[in-house]
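So the structure is just underneath, and the comments pick up after that.
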Amino acid sequence: MASISKLSVRGIRAFSPEDEEQVISFCFPLTIIVGANGCGKTTIIEALKYAVTGALPPGNKSGQAFVHDPKSIGSSVVKAAVKLRFNNRAGKSMVVIRSMELTQKKTTMQFKQLDGIIRTTDESGRKVALSHKCSELDRQVPQLLGVSKSILEHVVFCHQEDSSWPLMAGSDLKKRFDDIFDSTKYVKALDAIKDVRKTYQNKAKDYKTELAELNGHKHAAMGFRNELDHCRQGLSDIHDEMQGYNQQIQEEQAKCKVWGKTLSKYGKIEHEINEKFSFMEQEEVRIETHQKGLVTDMTQTNTKDDLEDKLMTFDRQMQGDVKTLNETKAKVKKSEAKIADLTKQKVELSESRGQLMGEKKLHESNLFKRIELMEELATEYGLELTFSQTQQTDGGGGGIINTQQSSRSRLSISSDWGIDNNTTFSQGSTVNTIQLTNEDLEAFERSVSKKRQQLQQQLDEYRDLSQKEEDSIQTELSNLKAKVTTVEIDLSRLSDNRSKAERELNKIPRTSSRMRKSEIDEARRNAERMARTRDELSRDPRRTEIPNEIKLKADKISQKKNEIEELASILQDLRRCAEEQNSIDILERQVDQDLELIDELKNDHSFILANYHDIKAKLPHEGTEIDSSVSNAMDSIVDEVSENLDSTKTQLDEASEQLKQCESKVSKTSALLSHKQDTLSQRKEQLSLLSSENGGVQRIKNIIRTVRQFEIGSFGSTEISTNVDPQQLLQHFTTKIGELSSDEVQPESILKTMKKLKKLAKVKDNNGNVTELRCPCCTRVMDNNEIVVFQQQIDNLSHPENSAIIQMDQNNAQLNRSAMRNYENWRNIIASNINDWLDHQRIADEIEILKATVAIDEDTLSSENAKLEEATDDAENQKEKHSNLLQLQDLVRRLRDEFNKIVNKKSQIATRKEELRLIAPRASGKNLRNTERDYNSKMEEKDALMHVITSLNQEATDLNERINQASESASRAENLVQTKMKQFEQDQEAIVKRKELNESIASCKEEESKMQDQIAPIRQKAKIKEQEKNKYRTAAQKELQQRSELNGKFNNDAEKISSLTKEIDDFKSGDSLGRLENIDGDINSISEDIVKKEKELRDLQPKLKAVQARVDDQGAHRRNIESNIELFDIISEKEKLNDEVSLLEKQLEALDGESIRQKYKASEQNIRMYESEKNRREGSKDALGVQQRELKRKLQTSHYKNIDERHRVKMIEHETSNLAVQDLDIYHSALDRALLRYHGLKIQEINKIIKELWSLTYKGEDITSIALTSDQEKSSRSARSYNYRVLMTKGTTELDMRGRC
């Protein structure tokens, strides 16, 4: 058994850390701690509680109030320690040490728990110390003691401020009992089971919703799969039909191939005949053309061989003339080449001459510009410029006038290339000659240099003068600024001194009232009076009388204690028998209470028992003896109710299963109906989209209207109806395109027809000669005029450009091509939008089917909902019946338990009464009641003495407090006298200091005013001088800039003249005039050579023309012979073609072309028919393919992909979640009942102890007993709230102590 031995405290609350450790030893079996208020009794309990649990007492300010105050010992840090020696539950001695630290900061205090230590001895007797964290120590010490932390904290070491915790609210009290009973983990397990059950229940609801949705998707997916199978079967049938059509088409194509080869051969022969006729006609045209082009027709008088012999002889004669012609042409060509070379040389020399002439003109321009620049420079700057000018006039008898002047007239310039620097200016018939020699130029250059030096000298002199003047002004300005600076420095010094004095003056404190001498005297008299009061209190005689009285009272208390101990031992003997009697009384009262409780249970559940009369009749009635037979009867009743409950549970399960099946059917039907309604809405949206203005269906309808209008307008009627199928429309377009493509314009056939008409018009004799011409239509013989008209008409009709038949066919062909393009465009539009048409038809059919299916499903859903309501009502009835039986089972079980308790308690009463007879009811001849009265009287006398001692202690404390207060008041009065005297001296010093500083500040201000008056005129003079300097500097800079610009302009003008002079000298130094004279000579020589060659060429032209004419005449005669020979060849070729045509016509007659063509057309018609059927099947195949792809796409969407597996998985999840919820309900109910039973047993034990202790300790008559109770004990169902309360009993009346005590 664990126990505590010794406690050591230091630095806790009033236990100072500077004193030695306070050690308290605990005696066995009881230690009583007695002391005055505030002596530390509660601190010992708090220290014990902190040592074993680590819990701080209430109201400790986070530990700061638990540790000794650092301010009271004048330290910033206080370290506290609690040591506890105890024996653990194994009887081994151990010591736990807990340390704390409290640090005083500027405004706050910081509390810190240090690591704890557990000391013990090992098996060898050596001391072992282990350091632990605070949390770990809080856990280990209660384990070593063998008592839970909750019991240690709330029962064993309960703080006096928390001692009324049994009267707390029910929820808080329940938590406290959970901790004490160590059942918190089971309560947490209940909450965890409840949370998990709620989670699984929510999951089951979600799974149920998802499962209903998946059921709908699964049924829809099955419908899609059936449709997909139908599509596949339809595609397979269409594929077989298309293979049959392909086979028939191949057979017809084979026939067409055979007939085509024959027709190809027939057409080839016709084509050859037509080509031969065409060649014959071409040869006839060639013969006619050749005959018209002959100079002399020699075919009538000569044979081909004669003409070939003449041609050979003529060639030999012609060779000499051709040779002469070629030699003459060679000479002409050579002369022309020589002329071209000379012309090229002349052009190159002319270009060089033009370049030199340009340089000459530039030189003359430079001479003129130089004269103008020199005159302008001389005029502007006053330079000396002299040159001679001679004027010559081409008059009748005029002479020559020589003058020295400058000319500015507009002149044309020429130069004398033999004399340096001579220039001639001419105008009209007057020539002005200006002689500009090197001496004139040198004199001008000297004048320019002199002027440049003069300008530069003036510029430098002005710059020096302005600088000197500016320096003079700056010197005066600097002197004025120095005076200003000196005065400003003096002003600054005075300002600093004044500021310093003002700061010192401000530092002197200003008080509203100065300390007076009378105040000091008053304070001194007050201090003397308080000192006298202190001395009088210190001499009070009660300070010695009170301790003597306390000592006398303490001796009396000790005597009373001995008497009380003697009476307590007597009472212990007397109470041995009283305890047994009290136990019997308690048990009898408990039996009565249990019987009352049984009656209350019956009354509370009378509404349930009223439904089960057989059970109510079997229950024990009032007045029935309670024994073991009653227990057996209650057991049989419990068994009967359990059997009925099991039967009802089976019926409830069946009804629930039926309800679940109905809900499943309703859910499936509702989901399927919802899915079909969604599908119907989607199909309607798709149908609306396909039927929109820009949809394919509307385009096809527009095409049908357009085709009908076109064919009615073009052909007068149409085979197309307004509701025609697009497949038939495609077939119609294909047929029309085939018909229109066969009506192509064939000019060759028209030409053949015209030739046949011409052939039919010729009537031949037996020799094949044409005897007459007959009309091919009426077989009338035509005269010559009619023959001419016939020939012209046939020619006109055969002409490719002017033939009316060809033009009419071309117009028809153009219309056919336009119509064919329309049909092809329409066919393409229909083909590109036929899928939309098929989708439109398919969706419209689906909508009708879906509407019918939705109506059927709505009826089915209504019937299923009716069945669901019936099943719900049945399940609710079974559930209510099951609930009533559950309550009945709980009631009979509780009644059985209560009857069993009564039987057990009656057995205990009988046993204890038997034991009581064996105990003698006597103890030293004293009565228990009188002894208890004496004992209480002695206790009251002891308490009265204790009260007197407490009053004396309080009187002594009050006296000491008055003495302390008087001492403090006297000390404060003395300190006040000293303070006022010190303040009086400081005030006198401040007055003197303030007067000195004010005088110094006034002196500084006066000197500052004088200096301000001195500095103002100086600053005004400096400002005026500064303005004068700036004004002079601006004027000087402007003058310097003007002089510099003038100097620069003069230098630029002089530089221009020098540049022109350099260009003139460079031109003169070159040999340009000599090269120009040479080029002029070369040009003249080349011109003479060209004239000579042109003359030779003109002489050769007559000879060349004569030889050329002779050769041309001979060539014409030769060409005539050659043309006659060619004519013989053409006639021979025509006869050959005529023979070939006769042979081909015989081969053509052997072939039956018309019969073969009809067979070929019949085969083509069959092929088109089979292809039309094949296209129709192809369209159906495409529609089924689109439907198949759409179904596959739907089955691959997130709603239907892997729907069977998802449905199976979701079904498993739903069922397992429901099973988990049921299992958790069972676990929760079992654990809750077990916890309830455990709490009931514990409360019974506590109530038993409370009742025994109450009867022993409480002697009042107002409360019979107190007990813990919970509403759970009186509830008919296992509620989740225990609602603990403390009840007090007065007779048979129970009252809640909460709010009353």
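Following the order of the structure tokens, first chain is A, next is B, and so on, with residues numbered from 1 inside each chain and ligands from 1 in the order they appear.
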| said: Show me, as JSON, numbers by chain, the residues that have an atom within 12 Å of Ala844 of chain A when counting only C-alpha atoms, minus same-chain residues fewer than 3 positions from it. | reply: {"A": [680, 682, 683, 684, 685, 686, 687, 688, 690, 691, 836, 837, 838, 839, 840, 841, 847, 848, 849, 850, 851]}
Output C-alpha atoms for every residue in the selection just made, as a PDB file, in the first residue's frame.
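What ended up in part03.pdb:
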```
ATOM      1  CA  LEU A 680     -35.854  13.160 -74.516  1.00  0.00           C
ATOM      2  CA  GLN A 682     -31.453  16.270 -75.258  1.00  0.00           C
ATOM      3  CA  ARG A 683     -33.056  14.723 -78.386  1.00  0.00           C
ATOM      4  CA  LYS A 684     -35.454  17.662 -78.641  1.00  0.00           C
ATOM      5  CA  GLU A 685     -32.544  20.069 -78.369  1.00  0.00           C
ATOM      6  CA  GLN A 686     -30.641  18.093 -81.037  1.00  0.00           C
ATOM      7  CA  LEU A 687     -33.766  18.072 -83.258  1.00  0.00           C
ATOM      8  CA  SER A 688     -34.149  21.823 -82.770  1.00  0.00           C
ATOM      9  CA  LEU A 690     -30.705  20.187 -86.733  1.00  0.00           C
ATOM     10  CA  SER A 691     -33.903  22.022 -87.793  1.00  0.00           C
ATOM     11  CA  ASP A 836     -27.970  15.579 -90.587  1.00  0.00           C
ATOM     12  CA  TRP A 837     -31.147  14.540 -92.448  1.00  0.00           C
ATOM     13  CA  LEU A 838     -30.719  10.933 -91.316  1.00  0.00           C
ATOM     14  CA  ASP A 839     -29.960  12.109 -87.774  1.00  0.00           C
ATOM     15  CA  HIS A 840     -33.075  14.287 -87.918  1.00  0.00           C
ATOM     16  CA  GLN A 841     -35.250  11.335 -88.961  1.00  0.00           C
ATOM     17  CA  ILE A 847     -38.420  11.146 -79.632  1.00  0.00           C
ATOM     18  CA  GLU A 848     -41.704   9.398 -80.447  1.00  0.00           C
ATOM     19  CA  ILE A 849     -40.419   6.145 -78.915  1.00  0.00           C
ATOM     20  CA  LEU A 850     -39.103   7.985 -75.850  1.00  0.00           C
ATOM     21  CA  LYS A 851     -42.414   9.798 -75.357  1.00  0.00           C
TER      22      LYS A 851
END
```
| So which residues touch Lys205 of chain A within 12 Å, counting only C-alpha atoms, skipping near sequence neighbours fewer than 3 positions away, as a PyMOL selection string? | chain A and resi 198-202+208-212+1210+1213-1215+1217-1218+1221
Residue subset to file, keeping C-alpha atoms, as a short mmCIF file (atom, residue, chain, number, x, y, z; two decimals), in the first residue's frame:
```cif
data_model
loop_
_atom_site.label_atom_id
_atom_site.label_comp_id
_atom_site.auth_asym_id
_atom_site.auth_seq_id
_atom_site.Cartn_x
_atom_site.Cartn_y
_atom_site.Cartn_z
CA LYS A 198 -22.38 8.87 -38.72
CA THR A 199 -19.67 8.83 -41.37
CA TYR A 200 -20.71 5.38 -42.61
CA GLN A 201 -24.38 6.37 -42.47
CA ASN A 202 -23.67 9.44 -44.62
CA LYS A 208 -27.73 4.85 -52.14
CA THR A 209 -28.19 8.01 -54.21
CA GLU A 210 -25.27 7.12 -56.47
CA LEU A 211 -26.57 3.54 -56.78
CA ALA A 212 -29.97 4.80 -57.89
CA LYS A 1210 -21.19 0.71 -55.67
CA GLU A 1213 -19.97 -0.33 -50.99
CA HIS A 1214 -23.61 0.42 -50.16
CA GLU A 1215 -24.25 -2.98 -48.54
CA SER A 1217 -21.69 0.55 -45.36
CA ASN A 1218 -25.11 -0.54 -44.11
CA VAL A 1221 -23.64 0.98 -39.50
#
```
| query | For Ala956 of chain A, which residue among A:Asn811, A:Ser606, A:Asn548, A:Gln64 is the nearest when counting only C-alpha atoms? | reply | A:Asn548
| Neighbour list for Phe1128 of chain A as a PyMOL selection string, cut-off 12 Å, only C-alpha atoms, skip fewer than 2 positions in-chain | chain A and resi 283+286-287+290-291+297-300+302-308+1121-1126+1130-1135
| request: Could you give me the residues within segment 17-174 of chain A that DSSP places in strand (DSSP E), as a ChimeraX atom specification? | output: /A:22-25,77-87,93-104,109-113,116-121,127-132
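Here atom CA of Ile1024 of chain A is placed at a distance of 20.0 Å from atom CA of Gln1037 of chain A.
With distances restricted to only C-alpha atoms, A:Leu645 is the closest residue to Asn884 of chain A from A:Val948, A:Asn215, A:Leu645, A:Thr771.
Counting only C-alpha atoms and comparing A:Arg532, A:Lys257, A:Lys112, A:Lys660, the residue that lies closest to Lys1159 of chain A is A:Lys257.
Here atom CA of Arg896 of chain A and atom CA of Thr1269 of chain A stand 20.2 Å from one another.
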| field | Residues of segment 131-211 of chain A in helix (DSSP H, G or I), written as a ChimeraX atom specification | value | /A:134-145,149-156,160-162,165-167,170-180,184-211
Would you pick out the contacts of Ser636 of chain A at 12 Å or less, using only C-alpha atoms, so that residues sharing its chain but fewer than 2 positions from it are not included, and give the list as a tab-separated table (two decimals) with C-alpha atoms, in the first residue's frame?
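Output (selection.tsv):
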```
chain	number	residue	atom	x	y	z
A	615	ILE	CA	-47.13	-9.76	-18.96
A	618	LYS	CA	-47.53	-12.16	-14.29
A	619	LEU	CA	-45.64	-9.31	-12.54
A	629	SER	CA	-39.54	-17.43	-6.48
A	630	VAL	CA	-40.14	-13.85	-7.58
A	631	SER	CA	-36.67	-13.81	-9.21
A	632	ASN	CA	-37.47	-17.03	-11.09
A	633	ALA	CA	-40.80	-15.59	-12.22
A	634	MET	CA	-39.09	-12.45	-13.49
A	638	VAL	CA	-37.80	-11.73	-19.45
A	639	ASP	CA	-37.39	-14.88	-21.58
A	640	GLU	CA	-40.96	-14.60	-22.88
A	641	VAL	CA	-40.51	-10.94	-23.82
A	642	SER	CA	-37.19	-11.77	-25.54
A	643	GLU	CA	-38.88	-14.48	-27.63
A	889	GLN	CA	-37.78	-5.85	-22.49
A	892	VAL	CA	-38.82	-6.25	-17.28
A	893	ARG	CA	-35.03	-6.54	-17.18
A	896	ARG	CA	-35.84	-8.25	-12.58
```
| request: Skip Leu362 of chain A itself and residues of its chain fewer than 6 positions away, then list as a PyMOL selection string all residues within 10 Å of it, counting only C-alpha atoms. | output: chain A and resi 356+368+1063-1064+1067
| said: Can you pull out the residues contacting segment 459-470 of chain A? Cut-off 9 Å, using only C-alpha atoms, and skip same-chain residues under 3 positions away; I want them as an MDAnalysis selection string. | reply: chainID A and resid 454:456 473:475 1029 1032:1033 1036:1037 1039:1040 1043:1044 1047
| Neighbours of Tyr50 of chain A within 10 Å (only C-alpha atoms; same-chain residues fewer than 4 positions away dropped), as a PyMOL selection string? | chain A and resi 44-46+54-57+82+98+138+153+157
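Between Gln677 of chain A and the residues A:Ser714, A:Thr979, A:Thr853, A:Asn611, the shortest atom-to-atom distance, using only C-alpha atoms, involves A:Thr853.
Across the model, the gap from atom CA of Thr753 of chain A to atom CA of Gly260 of chain A is 23.0 Å.
When only C-alpha atoms are used to measure the gap to Ile1246 of chain A, the shortest distance among A:Ile700, A:Val1286, A:Val1209, A:Ile1167 belongs to A:Val1286.
Shortest separation to Glu1252 of chain A among A:Asn1078, A:Gln160, A:Ser583, A:Gln248 occurs at residue A:Ser583, atoms counted being only C-alpha atoms.
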Using only C-alpha atoms, I'd like a table of the residues in segment 1170-1230 of chain A that come within 12 Å of segment 819-832 of chain A; for each, show the closest atom pair and its distance in Å rounded to one decimal, ordered by chain and ascending number, as JSON lines.
```
{"residue": "A:Asn1175", "atom": "CA", "partner": "A:Ala831", "partner_atom": "CA", "distance": 10.7}
{"residue": "A:Arg1176", "atom": "CA", "partner": "A:Ala831", "partner_atom": "CA", "distance": 11.5}
{"residue": "A:Glu1178", "atom": "CA", "partner": "A:Ala831", "partner_atom": "CA", "distance": 11.3}
{"residue": "A:Gly1179", "atom": "CA", "partner": "A:Ala831", "partner_atom": "CA", "distance": 9.0}
{"residue": "A:Asp1182", "atom": "CA", "partner": "A:Ala831", "partner_atom": "CA", "distance": 10.8}
{"residue": "A:Ala1183", "atom": "CA", "partner": "A:Ala831", "partner_atom": "CA", "distance": 11.8}
```
Selected residues written out with C-alpha atoms, as a tab-separated table (two decimals), in the first residue's frame:
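For reference, again_33.tsv as written:
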```tsv
chain	number	residue	atom	x	y	z
A	1175	ASN	CA	-25.49	4.34	-103.10
A	1176	ARG	CA	-28.84	4.06	-101.36
A	1178	GLU	CA	-24.31	3.20	-98.75
A	1179	GLY	CA	-26.40	6.06	-97.37
A	1182	ASP	CA	-23.53	5.69	-93.29
A	1183	ALA	CA	-26.62	6.52	-91.23
```
